[in-house]
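Chemist: Just passing along the structure, written as structure tokens.
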Amino acid sequence: LKNLKLCDLFTASYSDNYFDCIHLWHVLEHVKDPIALLREIHRVLKPGKELIIGVPCVTDPIYYGFRFKNWIMRLPSPMSSDNAHTYEFTRSSLISMLKKVDFDVKKLWLYYNPLDELLPEVGLKGKVIITLSWYLSKIYPGGYGHRIEAHAKKQI
């Protein structure tokens, strides 16, 4: 792995139009300035090439349940309480950000992953709800889920 660099994208000094594809999986919700990162990705991505991105979705009904529970208990929202998430995404906020930086959104859908990190923590009831939600997302693909996946191309 002679081309491996351990640094952030801003200090990596890649030239313009360097990459054929960039896969940004559950990173954008952790950065202080998502627009700045998307602009830098746009700069280093070749024209017409693809950005694949994944972020949590805060419009999921189960997330609203967690939020309501935290509100009742006077706790911060589930994502902001861990101090690791700096931004919460909806389908429209992600599309808006990508378009603002001149990406053309080709595909965007919601999905549910029942095998994620929540399963060990939620108990039997939670596992049943999450698993049923996963099946619901299969029946109604793209419209229900706690994760957003988007494929966008750098405009030529």
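As shown in the structure tokens, the chain order sets the letters A, B, ...; within each chain, residues go from 1, and ligands are also counted from 1 in the order they appear.
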Hey, what does DSSP flag as helix (DSSP H, G or I) within region 10-137 of chain A? Can you give it to me as a PyMOL selection string?
Modeler: chain A and resi 28-30+34-44+61-72+80-82+91-100+119-121+123-137
Chemist: Just how far from CA of Tyr112 (chain A) is CA of Met97 (chain A), in Å to one decimal?
Modeler: 22.4 Å
Chemist: Quick one: pick out all strand (DSSP E) residues within region 4-153 of chain A from a backbone DSSP run and write them as a PyMOL selection string.
Modeler: chain A and resi 19-25+45-56+103-111+147-153
Chemist: Could you build a table of the residues in region 62-97 of chain A lying no more than 12 Å from region 120-140 of chain A, giving for each the nearest pair of atoms and their separation in Å rounded to one decimal place, using only C-alpha atoms, ordered by chain and ascending residue number, as a tab-separated table?
Modeler:
```
residue	atom	partner	partner_atom	distance
A:Ile62	CA	A:Ile130	CA	8.2
A:Tyr63	CA	A:Ile130	CA	10.9
A:Gly65	CA	A:Gly126	CA	11.3
A:Phe66	CA	A:Gly126	CA	11.0
```
Chemist: What does the structure give for the distance between CA of Ile53 (chain A) and CA of Val101 (chain A), in Å to one decimal?
Modeler: 14.2 Å
Chemist: In Å to one decimal, how far is CA of Glu40 (chain A) from CA of Val27 (chain A)?
Modeler: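 Atom-to-atom, CA of Val27 (chain A) and CA of Glu40 (chain A) are spaced 14.1 Å apart.
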Chemist: With distances taken over only C-alpha atoms, which residue among A:Leu110, A:Ile41, A:Ile95, A:Leu75 lies nearest Ser15 (chain A)?
Modeler: A:Ile41
Chemist: Could you list, with a cut-off of 12 Å and counting only C-alpha atoms, the residues of region 19-116 of chain A near region 1-9 of chain A, each shown with its nearest atom pair and the distance in Å rounded to one decimal, rows sorted by chain and ascending number, as a Markdown table?
Modeler:
```
| residue | atom | partner | partner_atom | distance |
| --- | --- | --- | --- | --- |
| A:Ile22 | CA | A:Leu9 | CA | 11.3 |
| A:Leu24 | CA | A:Leu9 | CA | 11.5 |
| A:Val27 | CA | A:Asp8 | CA | 11.7 |
| A:Val31 | CA | A:Asp8 | CA | 10.9 |
| A:Ala36 | CA | A:Leu9 | CA | 10.6 |
| A:Leu37 | CA | A:Leu9 | CA | 7.9 |
| A:Leu38 | CA | A:Leu9 | CA | 10.4 |
| A:Arg39 | CA | A:Leu9 | CA | 10.9 |
| A:Glu40 | CA | A:Leu9 | CA | 7.5 |
| A:Ile41 | CA | A:Leu9 | CA | 8.0 |
| A:His42 | CA | A:Leu9 | CA | 11.5 |
| A:Arg43 | CA | A:Leu9 | CA | 10.8 |
| A:Val44 | CA | A:Leu9 | CA | 9.3 |
| A:Leu45 | CA | A:Leu9 | CA | 11.9 |
```
Chemist: Hey, what's within 10 Å of Lys32 (chain A) if we count only C-alpha atoms and toss same-chain stuff fewer than 3 positions away? As a PDB file with N, CA, C and O atoms, in the first residue's frame, please?
Modeler:
```
ATOM      1  N   LEU A  28     -19.807  12.007   7.100  1.00  0.00           N
ATOM      2  CA  LEU A  28     -20.266  13.389   6.976  1.00  0.00           C
ATOM      3  C   LEU A  28     -20.964  13.902   8.234  1.00  0.00           C
ATOM      4  O   LEU A  28     -20.857  15.074   8.568  1.00  0.00           O
ATOM      5  N   GLU A  29     -21.643  13.027   8.955  1.00  0.00           N
ATOM      6  CA  GLU A  29     -22.341  13.450  10.168  1.00  0.00           C
ATOM      7  C   GLU A  29     -21.383  13.715  11.336  1.00  0.00           C
ATOM      8  O   GLU A  29     -21.796  14.181  12.388  1.00  0.00           O
ATOM      9  N   ILE A  35     -20.248  21.039   4.368  1.00  0.00           N
ATOM     10  CA  ILE A  35     -20.174  21.704   3.062  1.00  0.00           C
ATOM     11  C   ILE A  35     -18.715  21.845   2.618  1.00  0.00           C
ATOM     12  O   ILE A  35     -18.387  21.592   1.448  1.00  0.00           O
ATOM     13  N   ALA A  36     -17.839  22.216   3.516  1.00  0.00           N
ATOM     14  CA  ALA A  36     -16.413  22.356   3.177  1.00  0.00           C
ATOM     15  C   ALA A  36     -15.843  21.012   2.720  1.00  0.00           C
ATOM     16  O   ALA A  36     -15.082  20.954   1.745  1.00  0.00           O
ATOM     17  N   LEU A  37     -16.196  19.936   3.421  1.00  0.00           N
ATOM     18  CA  LEU A  37     -15.711  18.618   3.027  1.00  0.00           C
ATOM     19  C   LEU A  37     -16.259  18.226   1.654  1.00  0.00           C
ATOM     20  O   LEU A  37     -15.523  17.721   0.805  1.00  0.00           O
ATOM     21  N   HIS A  85     -21.606  13.096  16.766  1.00  0.00           N
ATOM     22  CA  HIS A  85     -22.357  13.574  15.606  1.00  0.00           C
ATOM     23  C   HIS A  85     -22.477  15.097  15.663  1.00  0.00           C
ATOM     24  O   HIS A  85     -22.895  15.653  16.669  1.00  0.00           O
ATOM     25  N   THR A  86     -22.119  15.730  14.558  1.00  0.00           N
ATOM     26  CA  THR A  86     -22.185  17.179  14.495  1.00  0.00           C
ATOM     27  C   THR A  86     -23.329  17.663  13.617  1.00  0.00           C
ATOM     28  O   THR A  86     -23.642  18.846  13.637  1.00  0.00           O
ATOM     29  N   TYR A  87     -23.931  16.766  12.856  1.00  0.00           N
ATOM     30  CA  TYR A  87     -24.994  17.162  11.945  1.00  0.00           C
ATOM     31  C   TYR A  87     -25.995  16.024  11.817  1.00  0.00           C
ATOM     32  O   TYR A  87     -25.598  14.860  11.764  1.00  0.00           O
TER      33      TYR A  87
END
```
Chemist: Can you list, as a list of chain:residue names, every protein, DNA or RNA residue that comes within 8 Å of Arg147 (chain A) when you count only C-alpha atoms, leaving out same-chain residues fewer than 2 positions away?
Modeler: A:Gly54, A:Val55, A:Pro56, A:Cys57, A:Leu110, A:Tyr111, A:Tyr112, A:Asn113, A:Gly145, A:Glu149
Chemist: With distances taken over only C-alpha atoms, which residue among A:Gln155, A:Thr59, A:Asn70, A:Ser93 lies nearest Pro47 (chain A)?
Modeler: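 Answer, going by the shortest atom-to-atom distance: A:Gln155.
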